[in-house]
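Here the structure is laid out as structure tokens; the discussion comes afterwards.
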Amino acid sequence: MAKQREIKLASRPQGMPSQDNFLFETVEIPALQADEVLVKSLYISVDPYMRGRMNEGKSYVPPYALGEVITGGVVGQVVESKNDRFQTGDFVLGELGWREFNVSKGRLTKLNPQLAPLSAFLGVLGMPGLTAYFGLLDIGQPKEGETVVVSGAAGAVGMIVGQIAKLKGCRVVGIAGSDEKNQYLVSELGFDATINYKTSPSIRKELAELCPQGVDIYFDNVGGDITDAVFLQLNDFARVALCGQIALYNTEKVEVGPRILPILLVRRALLKGFIVSDYQPQYSVAMQELGKWLQAGQLKYRETIVEGFENIPEAFLGLFRGENVGKQLVKVADPF
Ligand code: NDP
């Protein structure tokens, strides 16, 4: 029997997760039963939301169970199939385990490798791209000439948000954690201005200077102090797409910030949290539009790809240290 590696949740993190929370095991690849497909992992996605699943307690997705294999987005290739819908060699996307090989009952999406590089289906043409698309367009409702601020701007979601906002004719200000990232956003992706939140003497003052007309749309990927500063600049009838709060994912105590509701009230602003899967019925429409922008060169993207199955936990931990530009992926194997 052939063997493979898999990664389990060993313990629940207190605060910042570490390597100790993960356990590598070598196990046999099970034989296929009727209707099953054996998928070789090529790219494994690591995502900030996985931090929430490492905790106990109710959320919009169930927590990872202790001692169970971590799951998430995986792009792979079918190596053996007992399911009529899949042939050996097919490229697929699925919610699969952090394993070198996964047995699936066939809840997989077939990918067309002619459309885009395979890794893109976990980034710009995958969950992060869809998150940017729906959060900005459905909640933000951008109009030409408006000012959009996006935090986590150089990440997988943020860099797509900024570019779509530019396509809609908005002024776009990005907030990210390094000069190199910010330089890329302005020179390569067309952002109008950026703030390095790690070195800024006052995010609030910089925002006021860079958004002289105020902020009409805030796409929030991070929360915390950055978000507190943006709220002070909101215009009347502003819209806030509450996408992520990564600055708070590793805090143990409940943070208390400024009371923002009076601001939202007097500005008659909309604040709406969303989870991308709420938009599942509309995914294909969004994919078509994202694909069209991509092919026309109107949408660019970057990925940070770490090689090697053994590096998955470290790549995940790197998200909380800002080590990625664009989508963070782990390349586990080449296609055959
Ligand atoms: P990113 O590619 O943006 O990676 C995470 C980035 O967050 C890091 O590179 C880092 O960039 C930044 N970051 C990390 N810690 C902090 C901190 N303490 N303060 C400020 N910034 C920090 O991840 P994604 O694009 O995949 O996700 C972005 C956000 O969107 C996350 O909060 C995620 O949970 C959320 N999300 C929500 C979805 C939904 O359906 N609502 C779906 C997908 C993602 P820097 O160098 O700038 O610090």
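By convention here, the chains of the structure tokens are called A, B, ... in the order presented, each chain's residues are numbered starting at 1, and ligands are numbered starting at 1 in the order presented.
All residues of protein, DNA or RNA that reach within 9 Å of Leu108 (chain A), judged by only C-alpha atoms and not counting those fewer than 3 positions away in the chain, are Val92, Leu93, Gly94, Glu95, Ser104 and Lys105 of chain A.
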Since we have the selection now, will you write its residues out, keeping all heavy atoms, as a PDB file, in the first residue's frame?
```
ATOM      1  N   VAL A  92      -9.030  19.279 -10.683  1.00  0.00           N
ATOM      2  CA  VAL A  92     -10.227  19.529  -9.869  1.00  0.00           C
ATOM      3  C   VAL A  92      -9.918  20.472  -8.704  1.00  0.00           C
ATOM      4  O   VAL A  92      -8.772  20.600  -8.273  1.00  0.00           O
ATOM      5  CB  VAL A  92     -10.806  18.204  -9.304  1.00  0.00           C
ATOM      6  CG1 VAL A  92     -11.393  17.355 -10.408  1.00  0.00           C
ATOM      7  CG2 VAL A  92      -9.761  17.439  -8.510  1.00  0.00           C
ATOM      8  N   LEU A  93     -10.998  21.105  -8.226  1.00  0.00           N
ATOM      9  CA  LEU A  93     -10.931  21.952  -7.030  1.00  0.00           C
ATOM     10  C   LEU A  93     -11.894  21.371  -6.012  1.00  0.00           C
ATOM     11  O   LEU A  93     -13.018  21.001  -6.373  1.00  0.00           O
ATOM     12  CB  LEU A  93     -11.382  23.377  -7.407  1.00  0.00           C
ATOM     13  CG  LEU A  93     -11.670  24.348  -6.261  1.00  0.00           C
ATOM     14  CD1 LEU A  93     -10.384  24.786  -5.586  1.00  0.00           C
ATOM     15  CD2 LEU A  93     -12.416  25.575  -6.790  1.00  0.00           C
ATOM     16  N   GLY A  94     -11.470  21.286  -4.779  1.00  0.00           N
ATOM     17  CA  GLY A  94     -12.384  20.763  -3.765  1.00  0.00           C
ATOM     18  C   GLY A  94     -12.016  21.228  -2.376  1.00  0.00           C
ATOM     19  O   GLY A  94     -10.936  21.776  -2.147  1.00  0.00           O
ATOM     20  N   GLU A  95     -12.962  21.023  -1.476  1.00  0.00           N
ATOM     21  CA  GLU A  95     -12.730  21.241  -0.045  1.00  0.00           C
ATOM     22  C   GLU A  95     -12.177  19.910   0.462  1.00  0.00           C
ATOM     23  O   GLU A  95     -12.929  18.962   0.694  1.00  0.00           O
ATOM     24  CB  GLU A  95     -14.080  21.611   0.592  1.00  0.00           C
ATOM     25  CG  GLU A  95     -14.091  21.755   2.082  1.00  0.00           C
ATOM     26  CD  GLU A  95     -13.415  23.043   2.568  1.00  0.00           C
ATOM     27  OE1 GLU A  95     -13.212  23.949   1.739  1.00  0.00           O
ATOM     28  OE2 GLU A  95     -13.078  23.092   3.759  1.00  0.00           O
ATOM     29  N   SER A 104     -12.186  11.363  -2.538  1.00  0.00           N
ATOM     30  CA  SER A 104     -13.381  12.202  -2.551  1.00  0.00           C
ATOM     31  C   SER A 104     -14.541  11.418  -3.131  1.00  0.00           C
ATOM     32  O   SER A 104     -14.365  10.578  -4.013  1.00  0.00           O
ATOM     33  CB  SER A 104     -13.119  13.441  -3.416  1.00  0.00           C
ATOM     34  OG  SER A 104     -14.334  14.065  -3.757  1.00  0.00           O
ATOM     35  N   LYS A 105     -15.737  11.736  -2.623  1.00  0.00           N
ATOM     36  CA  LYS A 105     -16.950  11.096  -3.173  1.00  0.00           C
ATOM     37  C   LYS A 105     -17.374  11.789  -4.465  1.00  0.00           C
ATOM     38  O   LYS A 105     -18.413  11.470  -5.027  1.00  0.00           O
ATOM     39  CB  LYS A 105     -18.095  11.197  -2.162  1.00  0.00           C
ATOM     40  CG  LYS A 105     -17.851  10.412  -0.898  1.00  0.00           C
ATOM     41  CD  LYS A 105     -18.786   9.215  -0.804  1.00  0.00           C
ATOM     42  CE  LYS A 105     -18.606   8.435   0.477  1.00  0.00           C
ATOM     43  NZ  LYS A 105     -17.895   7.162   0.285  1.00  0.00           N
TER      44      LYS A 105
END
```
### Query
What's the 7 Å shell around region 169-175 of chain A, counting only C-alpha atoms, without same-chain residues fewer than 6 positions away, as a VMD selection string?
chain A and resid 143 to 153 162 191 to 197
Set out as CSV a contact list for chain A and ligand 1 with a cut-off of 6 Å, giving each residue of chain A that qualifies its closest atom pair and distance in Å to one decimal, counting only C-alpha atoms and all ligand atoms, ordered by chain and rising residue number.
```
residue,atom,partner,partner_atom_place_in_ligand_line,distance
A:Asp47,CA,ligand 1,26 (O),5.2
A:Pro48,CA,ligand 1,34 (O),4.6
A:Tyr49,CA,ligand 1,34 (O),4.4
A:Pro128,CA,ligand 1,43 (C),5.2
A:Thr131,CA,ligand 1,42 (C),5.3
A:Gly152,CA,ligand 1,47 (O),4.9
A:Gly155,CA,ligand 1,3 (O),3.2
A:Ala156,CA,ligand 1,25 (O),3.6
A:Val157,CA,ligand 1,25 (O),3.7
A:Gly158,CA,ligand 1,25 (O),5.8
A:Ala176,CA,ligand 1,47 (O),3.5
A:Gly177,CA,ligand 1,47 (O),3.6
A:Ser178,CA,ligand 1,46 (O),5.7
A:Asn221,CA,ligand 1,29 (C),4.2
A:Val222,CA,ligand 1,20 (C),5.2
A:Cys243,CA,ligand 1,41 (N),4.0
A:Gly244,CA,ligand 1,32 (O),3.2
A:Gln245,CA,ligand 1,32 (O),4.6
A:Ile246,CA,ligand 1,32 (O),4.1
A:Ala247,CA,ligand 1,18 (N),3.4
A:Phe274,CA,ligand 1,41 (N),5.1
A:Ile275,CA,ligand 1,40 (O),3.4
A:Val276,CA,ligand 1,40 (O),3.7
A:Leu319,CA,ligand 1,5 (C),4.7
A:Phe320,CA,ligand 1,14 (C),4.1
A:Arg321,CA,ligand 1,14 (C),5.6
A:Gly322,CA,ligand 1,9 (O),3.5
A:Glu323,CA,ligand 1,9 (O),5.6
A:Asn324,CA,ligand 1,9 (O),4.8
A:Gly326,CA,ligand 1,2 (O),5.1
A:Lys327,CA,ligand 1,2 (O),5.0
```
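Nearest residue to Gly52 (chain A) among A:Leu210, A:Gly89, A:Tyr249, A:Lys300 is A:Tyr249, counting only C-alpha atoms.
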### Task
Quick one: pick out all strand (DSSP E or B) residues within region 157-214 of chain A from a backbone DSSP run and write them as a PyMOL selection string.
chain A and resi 171-176+193-196
With N, CA and C atoms retained, export the selected residues as an mmCIF file, in the first residue's frame.
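What ended up in out-v3.cif:
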```cif
data_model
loop_
_atom_site.group_PDB
_atom_site.id
_atom_site.type_symbol
_atom_site.label_atom_id
_atom_site.label_comp_id
_atom_site.auth_asym_id
_atom_site.auth_seq_id
_atom_site.Cartn_x
_atom_site.Cartn_y
_atom_site.Cartn_z
ATOM 1 N N ARG A 171 -11.657 56.472 -6.661
ATOM 2 C CA ARG A 171 -10.340 56.737 -6.091
ATOM 3 C C ARG A 171 -10.097 55.644 -5.048
ATOM 4 N N VAL A 172 -8.917 55.018 -5.098
ATOM 5 C CA VAL A 172 -8.676 53.869 -4.224
ATOM 6 C C VAL A 172 -7.454 54.091 -3.342
ATOM 7 N N VAL A 173 -7.675 53.972 -2.049
ATOM 8 C CA VAL A 173 -6.581 54.083 -1.081
ATOM 9 C C VAL A 173 -6.450 52.736 -0.368
ATOM 10 N N GLY A 174 -5.258 52.163 -0.450
ATOM 11 C CA GLY A 174 -5.007 50.859 0.170
ATOM 12 C C GLY A 174 -4.192 51.007 1.444
ATOM 13 N N ILE A 175 -4.460 50.132 2.404
ATOM 14 C CA ILE A 175 -3.682 50.124 3.658
ATOM 15 C C ILE A 175 -3.033 48.742 3.779
ATOM 16 N N ALA A 176 -1.693 48.730 3.843
ATOM 17 C CA ALA A 176 -0.977 47.451 3.943
ATOM 18 C C ALA A 176 0.264 47.641 4.797
ATOM 19 N N ALA A 193 -3.334 55.739 -3.879
ATOM 20 C CA ALA A 193 -2.483 56.073 -2.733
ATOM 21 C C ALA A 193 -2.531 54.916 -1.748
ATOM 22 N N THR A 194 -1.547 54.898 -0.858
ATOM 23 C CA THR A 194 -1.489 53.808 0.129
ATOM 24 C C THR A 194 -0.983 54.339 1.471
ATOM 25 N N ILE A 195 -1.236 53.569 2.497
ATOM 26 C CA ILE A 195 -0.714 53.878 3.837
ATOM 27 C C ILE A 195 -0.035 52.617 4.366
ATOM 28 N N ASN A 196 1.182 52.792 4.882
ATOM 29 C CA ASN A 196 1.839 51.689 5.587
ATOM 30 C C ASN A 196 1.437 51.806 7.056
#
```
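What separates CA of Ser11 (chain A) from CA of Pro30 (chain A) is a distance of 25.7 Å.
Nearest-residue note for Leu290 (chain A): choosing from A:Ile312, A:Leu130, A:Ala10, A:Val266, the minimum distance belongs to A:Leu130, counting only C-alpha atoms.
The coordinates place CA of Val186 (chain A) at 20.0 Å from CA of Asp216 (chain A).
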### Message
Show me, as a ChimeraX atom specification, the residues that have an atom within 8 Å of region 225-238 of chain A when counting only C-alpha atoms, minus same-chain residues fewer than 6 positions from it.
### Response
/A:149,151,197,203-204,207-208,214-218,257-258,260,263,266-270
### Message
Would you pick out the contacts of region 119-125 of chain A at 10 Å or less, using only C-alpha atoms, so that residues sharing its chain but fewer than 6 positions from it are not included, and give the list as a PyMOL selection string?
### Response
chain A and resi 42-46+73-76+92-94+111-113+131-133+156-157+159-160+286-291+294+299-303+305+326-331
Would you mind exporting the chosen residues as a tab-separated table (two decimals), in the first residue's frame, restricted to N, CA and C atoms?
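Below is the file that was written, again-v4.tsv:
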```tsv
chain	number	residue	atom	x	y	z
A	42	LEU	N	-2.06	19.30	-5.69
A	42	LEU	CA	-1.04	20.09	-6.39
A	42	LEU	C	-0.79	21.40	-5.65
A	43	TYR	N	-1.89	22.16	-5.38
A	43	TYR	CA	-1.79	23.41	-4.62
A	43	TYR	C	-2.74	23.32	-3.43
A	44	ILE	N	-2.23	23.65	-2.25
A	44	ILE	CA	-3.06	23.68	-1.05
A	44	ILE	C	-3.14	25.13	-0.59
A	45	SER	N	-4.36	25.57	-0.33
A	45	SER	CA	-4.59	26.96	0.08
A	45	SER	C	-4.50	27.08	1.61
A	46	VAL	N	-3.80	28.11	2.06
A	46	VAL	CA	-3.88	28.46	3.49
A	46	VAL	C	-4.58	29.81	3.58
A	73	GLY	N	-9.33	24.63	0.83
A	73	GLY	CA	-9.34	24.59	-0.63
A	73	GLY	C	-8.09	23.91	-1.17
A	74	VAL	N	-8.29	22.96	-2.09
A	74	VAL	CA	-7.16	22.25	-2.70
A	74	VAL	C	-7.42	22.12	-4.20
A	75	VAL	N	-6.39	22.40	-4.99
A	75	VAL	CA	-6.44	22.09	-6.42
A	75	VAL	C	-5.60	20.84	-6.63
A	76	GLY	N	-6.19	19.86	-7.30
A	76	GLY	CA	-5.47	18.61	-7.48
A	76	GLY	C	-5.74	17.98	-8.83
A	92	VAL	N	-9.03	19.28	-10.68
A	92	VAL	CA	-10.23	19.53	-9.87
A	92	VAL	C	-9.92	20.47	-8.70
A	93	LEU	N	-11.00	21.11	-8.23
A	93	LEU	CA	-10.93	21.95	-7.03
A	93	LEU	C	-11.89	21.37	-6.01
A	94	GLY	N	-11.47	21.29	-4.78
A	94	GLY	CA	-12.38	20.76	-3.77
A	94	GLY	C	-12.02	21.23	-2.38
A	111	LEU	N	-11.75	21.71	-13.37
A	111	LEU	CA	-11.13	22.98	-13.78
A	111	LEU	C	-10.67	22.89	-15.22
A	112	ASN	N	-10.74	24.03	-15.89
A	112	ASN	CA	-10.22	24.11	-17.25
A	112	ASN	C	-8.86	24.80	-17.21
A	113	PRO	N	-7.77	24.04	-17.37
A	113	PRO	CA	-6.44	24.65	-17.24
A	113	PRO	C	-6.11	25.61	-18.38
A	131	THR	N	-14.85	36.80	-3.08
A	131	THR	CA	-15.09	37.61	-1.88
A	131	THR	C	-14.94	39.09	-2.21
A	132	ALA	N	-13.89	39.41	-2.93
A	132	ALA	CA	-13.66	40.80	-3.33
A	132	ALA	C	-14.81	41.30	-4.19
A	133	TYR	N	-15.19	40.48	-5.15
A	133	TYR	CA	-16.22	40.86	-6.12
A	133	TYR	C	-17.56	41.16	-5.44
A	156	ALA	N	-4.77	38.61	-0.81
A	156	ALA	CA	-5.50	37.96	-1.90
A	156	ALA	C	-6.81	38.67	-2.21
A	157	VAL	N	-7.56	39.01	-1.18
A	157	VAL	CA	-8.85	39.69	-1.39
A	157	VAL	C	-8.60	41.18	-1.70
A	159	MET	N	-6.19	43.07	-2.91
A	159	MET	CA	-5.68	43.59	-4.19
A	159	MET	C	-6.70	43.48	-5.32
A	160	ILE	N	-7.62	42.55	-5.18
A	160	ILE	CA	-8.68	42.44	-6.20
A	160	ILE	C	-9.74	43.51	-5.94
A	286	ALA	N	-20.06	35.82	-11.49
A	286	ALA	CA	-18.87	36.55	-11.03
A	286	ALA	C	-17.61	35.99	-11.66
A	287	MET	N	-17.53	34.66	-11.76
A	287	MET	CA	-16.35	34.02	-12.36
A	287	MET	C	-16.17	34.48	-13.80
A	288	GLN	N	-17.30	34.60	-14.50
A	288	GLN	CA	-17.22	35.03	-15.91
A	288	GLN	C	-16.66	36.44	-16.01
A	289	GLU	N	-17.16	37.31	-15.13
A	289	GLU	CA	-16.70	38.71	-15.20
A	289	GLU	C	-15.24	38.83	-14.75
A	290	LEU	N	-14.89	38.13	-13.69
A	290	LEU	CA	-13.49	38.16	-13.23
A	290	LEU	C	-12.57	37.61	-14.34
A	291	GLY	N	-13.01	36.52	-14.96
A	291	GLY	CA	-12.22	35.91	-16.04
A	291	GLY	C	-12.05	36.86	-17.22
A	294	LEU	N	-9.59	39.50	-16.32
A	294	LEU	CA	-8.25	38.90	-16.26
A	294	LEU	C	-7.68	38.77	-17.68
A	299	LEU	N	-7.29	43.09	-14.82
A	299	LEU	CA	-7.16	42.58	-13.46
A	299	LEU	C	-5.85	41.81	-13.40
A	300	LYS	N	-4.98	42.23	-12.49
A	300	LYS	CA	-3.71	41.51	-12.32
A	300	LYS	C	-3.70	40.88	-10.94
A	301	TYR	N	-2.79	39.96	-10.74
A	301	TYR	CA	-2.73	39.37	-9.41
A	301	TYR	C	-1.33	38.85	-9.14
A	302	ARG	N	-1.04	38.70	-7.88
A	302	ARG	CA	0.22	38.08	-7.49
A	302	ARG	C	-0.07	36.98	-6.50
A	303	GLU	N	0.83	36.02	-6.46
A	303	GLU	CA	0.69	34.91	-5.51
A	303	GLU	C	2.01	34.75	-4.78
A	305	ILE	N	3.97	31.66	-3.42
A	305	ILE	CA	3.88	30.20	-3.45
A	305	ILE	C	5.09	29.58	-2.74
A	326	GLY	N	-0.43	39.03	-2.08
A	326	GLY	CA	-1.45	38.29	-2.82
A	326	GLY	C	-1.70	36.94	-2.17
A	327	LYS	N	-2.26	36.05	-2.94
A	327	LYS	CA	-2.72	34.76	-2.38
A	327	LYS	C	-1.55	33.89	-1.93
A	328	GLN	N	-1.64	33.40	-0.71
A	328	GLN	CA	-0.63	32.48	-0.19
A	328	GLN	C	-1.05	31.04	-0.50
A	329	LEU	N	-0.15	30.34	-1.19
A	329	LEU	CA	-0.43	28.95	-1.55
A	329	LEU	C	0.77	28.08	-1.23
A	330	VAL	N	0.52	26.79	-1.13
A	330	VAL	CA	1.63	25.85	-1.00
A	330	VAL	C	1.56	24.90	-2.19
A	331	LYS	N	2.67	24.84	-2.94
A	331	LYS	CA	2.73	23.91	-4.07
A	331	LYS	C	3.27	22.59	-3.54
```
### Message
DSSP on the backbone, helix (DSSP H, G or I) only: what residues of region 178-284 of chain A does that give? Format it as a PyMOL selection string.
### Response
chain A and resi 179-187+203-210+224-231+246-248+261-267+276-284
